[in-house]
Structures are given as C-alpha cells and as structure tokens.
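J.: As input, take run_27.cif (mmCIF, C-alpha atoms and all ligand atoms):
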data_coords
#
loop_
_atom_site.label_atom_id
_atom_site.label_comp_id
_atom_site.auth_asym_id
_atom_site.auth_seq_id
_atom_site.Cartn_x
_atom_site.Cartn_y
_atom_site.Cartn_z
CA MET A 1 32.90 -45.22 11.13
CA SER A 2 35.38 -43.67 8.84
CA GLY A 3 35.03 -41.94 5.56
CA ARG A 4 35.04 -43.84 2.35
CA PRO A 5 38.35 -44.81 0.83
CA SER A 6 39.22 -42.67 -2.08
CA ALA A 7 40.51 -45.56 -4.16
CA SER A 8 37.65 -45.59 -6.56
CA ARG A 9 37.82 -41.97 -7.33
CA ARG A 10 35.92 -41.23 -10.44
CA THR A 11 36.62 -38.41 -12.68
CA VAL A 12 33.43 -37.26 -14.10
CA LEU A 13 33.61 -34.86 -16.90
CA ARG A 14 30.47 -32.92 -17.15
CA GLY A 15 29.62 -29.92 -19.10
CA ALA A 16 28.92 -27.30 -16.50
CA ALA A 17 25.24 -27.79 -16.46
CA LEU A 18 24.28 -25.15 -14.05
CA THR A 19 21.87 -23.27 -16.16
CA PRO A 20 20.04 -20.81 -13.99
CA VAL A 21 16.41 -21.64 -13.82
CA ALA A 22 14.79 -19.18 -16.10
CA GLY A 23 13.79 -16.03 -14.38
CA LEU A 24 10.46 -14.45 -14.69
CA GLY A 25 9.14 -14.38 -18.17
CA LEU A 26 8.14 -10.79 -18.17
CA ALA A 27 4.98 -10.70 -20.10
CA ALA A 28 4.69 -7.39 -21.79
CA CYS A 29 1.04 -8.10 -22.23
CA SER A 30 0.49 -6.46 -25.53
CA GLY A 31 -1.41 -9.38 -26.89
CA GLY A 32 -5.00 -10.18 -26.26
CA SER A 33 -7.89 -9.49 -28.46
CA GLY A 34 -9.04 -6.38 -26.71
CA GLY A 35 -12.26 -6.06 -24.83
CA GLY A 36 -13.55 -8.95 -22.84
CA THR A 37 -13.72 -9.28 -19.12
CA PRO A 38 -11.21 -7.19 -17.25
CA ALA A 39 -8.69 -9.34 -15.47
CA THR A 40 -5.91 -9.12 -12.98
CA PRO A 41 -2.51 -10.10 -14.33
CA THR A 42 -1.81 -13.80 -14.06
CA ALA A 43 1.94 -13.34 -14.55
CA PRO A 44 4.31 -10.58 -13.53
CA VAL A 45 3.98 -7.54 -15.75
CA VAL A 46 6.15 -4.49 -16.15
CA LEU A 47 4.00 -1.50 -15.35
CA GLY A 48 6.30 1.44 -15.85
CA ALA A 49 9.22 3.36 -14.44
CA ASP A 50 9.51 3.33 -10.68
CA SER A 51 9.70 7.12 -10.73
CA GLU A 52 6.04 7.20 -11.74
CA VAL A 53 4.93 6.42 -8.22
CA ALA A 54 5.85 9.16 -5.76
CA LYS A 55 6.11 8.67 -2.01
CA GLY A 56 2.68 8.94 -0.51
CA GLY A 57 1.15 8.65 -3.96
CA ALA A 58 -0.40 6.07 -6.21
CA GLN A 59 -0.59 5.27 -9.88
CA LEU A 60 -3.34 3.41 -11.70
CA TYR A 61 -2.27 1.20 -14.59
CA GLN A 62 -5.55 0.67 -16.33
CA ASP A 63 -4.22 -1.51 -19.12
CA GLN A 64 -2.98 -4.02 -16.57
CA ASN A 65 -5.73 -3.45 -13.98
CA VAL A 66 -3.21 -2.76 -11.25
CA VAL A 67 -2.83 0.12 -8.84
CA VAL A 68 0.54 0.75 -7.21
CA SER A 69 1.15 2.99 -4.23
CA ARG A 70 4.28 4.02 -2.42
CA ALA A 71 4.47 4.58 1.31
CA GLU A 72 6.46 7.42 2.84
CA ASN A 73 9.27 4.96 3.55
CA GLY A 74 9.52 4.19 -0.15
CA SER A 75 8.00 0.72 -0.08
CA LEU A 76 5.53 -0.26 -2.77
CA LYS A 77 2.18 -1.97 -2.62
CA ALA A 78 0.12 -3.23 -5.51
CA PHE A 79 -3.49 -4.25 -5.76
CA SER A 80 -5.73 -5.47 -8.50
CA SER A 81 -7.92 -2.59 -9.61
CA ILE A 82 -10.79 -4.90 -10.43
CA CYS A 83 -13.65 -3.90 -8.18
CA THR A 84 -14.56 -6.58 -5.68
CA HIS A 85 -18.23 -5.69 -5.90
CA ALA A 86 -19.16 -6.88 -9.37
CA GLY A 87 -15.87 -7.01 -11.21
CA CYS A 88 -15.73 -3.70 -13.04
CA ALA A 89 -12.33 -2.31 -13.95
CA ILE A 90 -11.72 0.78 -11.87
CA ASN A 91 -10.74 3.68 -14.08
CA LYS A 92 -10.44 6.58 -11.70
CA LEU A 93 -7.85 7.46 -9.09
CA GLU A 94 -8.20 10.63 -7.05
CA GLY A 95 -5.12 11.04 -4.91
CA THR A 96 -4.97 7.56 -3.43
CA THR A 97 -8.70 6.90 -3.66
CA LEU A 98 -9.93 4.55 -6.35
CA VAL A 99 -13.46 5.13 -7.58
CA CYS A 100 -15.38 2.39 -9.35
CA PRO A 101 -17.40 3.64 -12.34
CA CYS A 102 -20.11 1.03 -11.97
CA HIS A 103 -21.74 1.62 -8.60
CA GLY A 104 -19.45 4.13 -6.92
CA SER A 105 -17.48 1.93 -4.56
CA GLU A 106 -14.30 3.54 -3.34
CA PHE A 107 -11.06 1.94 -2.21
CA GLU A 108 -7.90 3.22 -0.58
CA ALA A 109 -5.07 2.49 -3.02
CA SER A 110 -2.41 2.21 -0.33
CA THR A 111 -4.22 -0.50 1.64
CA GLY A 112 -6.85 -1.92 -0.70
CA LYS A 113 -9.51 -1.24 1.91
CA VAL A 114 -13.06 -0.34 1.07
CA LEU A 115 -13.88 3.30 1.73
CA ARG A 116 -17.37 3.29 0.33
CA ALA A 117 -20.00 0.61 -0.30
CA PRO A 118 -21.49 -1.25 -2.06
CA ALA A 119 -18.18 -3.14 -2.15
CA THR A 120 -17.34 -4.84 1.14
CA VAL A 121 -14.27 -6.88 0.23
CA PRO A 122 -10.83 -5.25 0.00
CA LEU A 123 -8.95 -5.22 -3.28
CA HIS A 124 -6.83 -8.25 -4.05
CA GLU A 125 -3.19 -7.62 -3.19
CA LEU A 126 -0.45 -8.42 -5.70
CA SER A 127 3.27 -8.85 -5.30
CA VAL A 128 5.29 -5.90 -6.52
CA GLU A 129 8.93 -5.03 -6.80
CA GLU A 130 11.29 -2.64 -8.47
CA ARG A 131 13.55 -4.22 -11.01
CA ASN A 132 16.05 -2.26 -13.09
CA GLY A 133 14.16 0.93 -12.48
CA LYS A 134 10.82 -0.55 -13.44
CA ILE A 135 7.85 -1.54 -11.38
CA VAL A 136 6.94 -5.18 -11.84
CA ALA A 137 3.75 -6.52 -10.33
CA GLY A 138 1.67 -9.64 -10.45
CA PRO A 139 1.45 -13.03 -8.83
CA GLY A 140 4.90 -14.12 -7.84
CA ALA A 141 6.60 -10.92 -8.96
S1 LIG B 1 -18.63 -3.17 -9.57
FE1 LIG B 1 -17.59 -1.58 -8.55
S2 LIG B 1 -19.12 -0.70 -7.36
FE2 LIG B 1 -20.15 -2.31 -8.30
#
What does this structure look like when you write it as structure tokens?

T.:
Amino acid sequence: MSGRPSASRRTVLRGAALTPVAGLGLAACSGGSGGGTPATPTAPVVLGADSEVAKGGAQLYQDQNVVVSRAENGSLKAFSSICTHAGCAINKLEGTTLVCPCHGSEFEASTGKVLRAPATVPLHELSVEERNGKIVAGPGA
C-alpha cells in the first residue's frame, strides 16, 4: 500500500474560513422586567472585579443570585444563592455564612453545604473563572 499519486493535485482556493466559534456571549443581565421568581443565571454572567473576593472570603452578588468564595490558595468557587429549601433568594452573607431570610437556613459559602435547617440540600454549584480581571460565573463559564 503506497500513498496516493499526486498527479491530480487540486489547488483549492478558499477564503480562510477559520472563524473562531463565538466565545461566550457574556450576558450583562441588565434586562428583565424586575421582580418575579429569583433565578440562578442560565448563561455566564460577569459579576464584578476579581479583587472583590479576598482569600478566605466570599461575596454575595444578589442581582445575579450567585455567591463566590475564594480559598486560601486563591481558587474560586461559585454557588447559586437561591435557597434549596423553598427557593428564596438569599440576601445576607456574614463572613462566609449565607443566611436565608425566609426560614433561617444557613449555608457555608465556600462549600455550599447546609449549616442550619430547614434546608437539607446543598446549594447548587456553578462554574466560575477569572477573565480579564473579572469574575465570570454561570453554567459553562
Ligand atoms: S426558603 Fe430558605 S429557609 Fe426556607
């Protein structure tokens, strides 16, 4: 078995068609009609500057319903801040403890784990990364 003869070499002129597949459409999420059921982002969203989350600390982004924490090694974690008990948007962060306003469930922001009932299910984890000095979180971020 040898290679093909090169007699029928074709010169194909193509416009370089290597368009990069569009990156993430970063939804700035300023739309919406306000109010309504709180929801976890369904697309990656820019939350803020990466300097907002200190090592060992956490930051609650209420508008996006996301909490981001940073471990001592600098790595980030993000969770939905929608309470897994009955779906309230958590609006309070004390240190790295999230407190639900509805029935008092508490969650650890760095792990998503339940610290206090009535919730029993951990917070839903989201992808997160730093991009150009910003924190971007959401499914597939
Ligand atoms: S909805 Fe959060 S404690 Fe019930």

J.: How big is the axis-aligned box around all listed atoms of ligand LIG 1 (chain B) once 4 Å goes on each side, and where's its centre, in Å to one decimal, as lines of an AutoDock Vina configuration file?

T.:
center_x = -18.9
center_y = -1.9
center_z = -8.5
size_x = 10.6
size_y = 10.5
size_z = 10.2

J.: Find the residues near His124 in chain A: any atom within 10 Å, counting all atoms listed in the file, skip ones fewer than 4 places away on the same chain, and give them as a PyMOL selection string.

T.: chain A and resi 40+66+78-84+111-113

J.: How close does each residue of chain A get to ligand LIG 1 (chain B), giving the shortest atom pair and distance in Å to one decimal for every residue with an atom at most 6 Å away, counting all atoms listed in the file, sorted by chain and residue number, as CSV?

T.:
residue,atom,partner,partner_atom,distance
A:Cys83,CA,B:LIG1,FE1,4.6
A:His85,CA,B:LIG1,S1,4.5
A:Ala86,CA,B:LIG1,S1,3.8
A:Gly87,CA,B:LIG1,S1,5.0
A:Cys88,CA,B:LIG1,S1,4.6
A:Cys100,CA,B:LIG1,FE1,4.6
A:Cys102,CA,B:LIG1,FE2,5.0
A:His103,CA,B:LIG1,S2,3.7
A:Gly104,CA,B:LIG1,S2,4.9
A:Ser105,CA,B:LIG1,S2,4.2
A:Pro118,CA,B:LIG1,S2,5.8
A:Ala119,CA,B:LIG1,S2,5.8

J.: Between CA of Glu72 in chain A and CA of Pro41 in chain A, measure the distance and give it in Å to one decimal.

T.: 26.1 Å

J.: Tell me which protein, DNA and RNA residues are within 12 Å of Ser51 in chain A, counting all atoms listed in the file, leaving out same-chain ones fewer than 6 positions away, and put them as a list in words.

T.: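 What passes the distance filter is Gly57, Ala58, Gln59, Val68, Ser69, Arg70, Gly74, Leu76, Glu130, Arg131, Asn132, Gly133, Lys134 and Ile135 of chain A.
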
J.: Pick from A:Ala39, A:Val45, A:Val53, A:Phe107: nearest to Asn65 in chain A, with all atoms listed in the file counted?

T.: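 Result for the nearest residue to Asn65 in chain A: A:Ala39.
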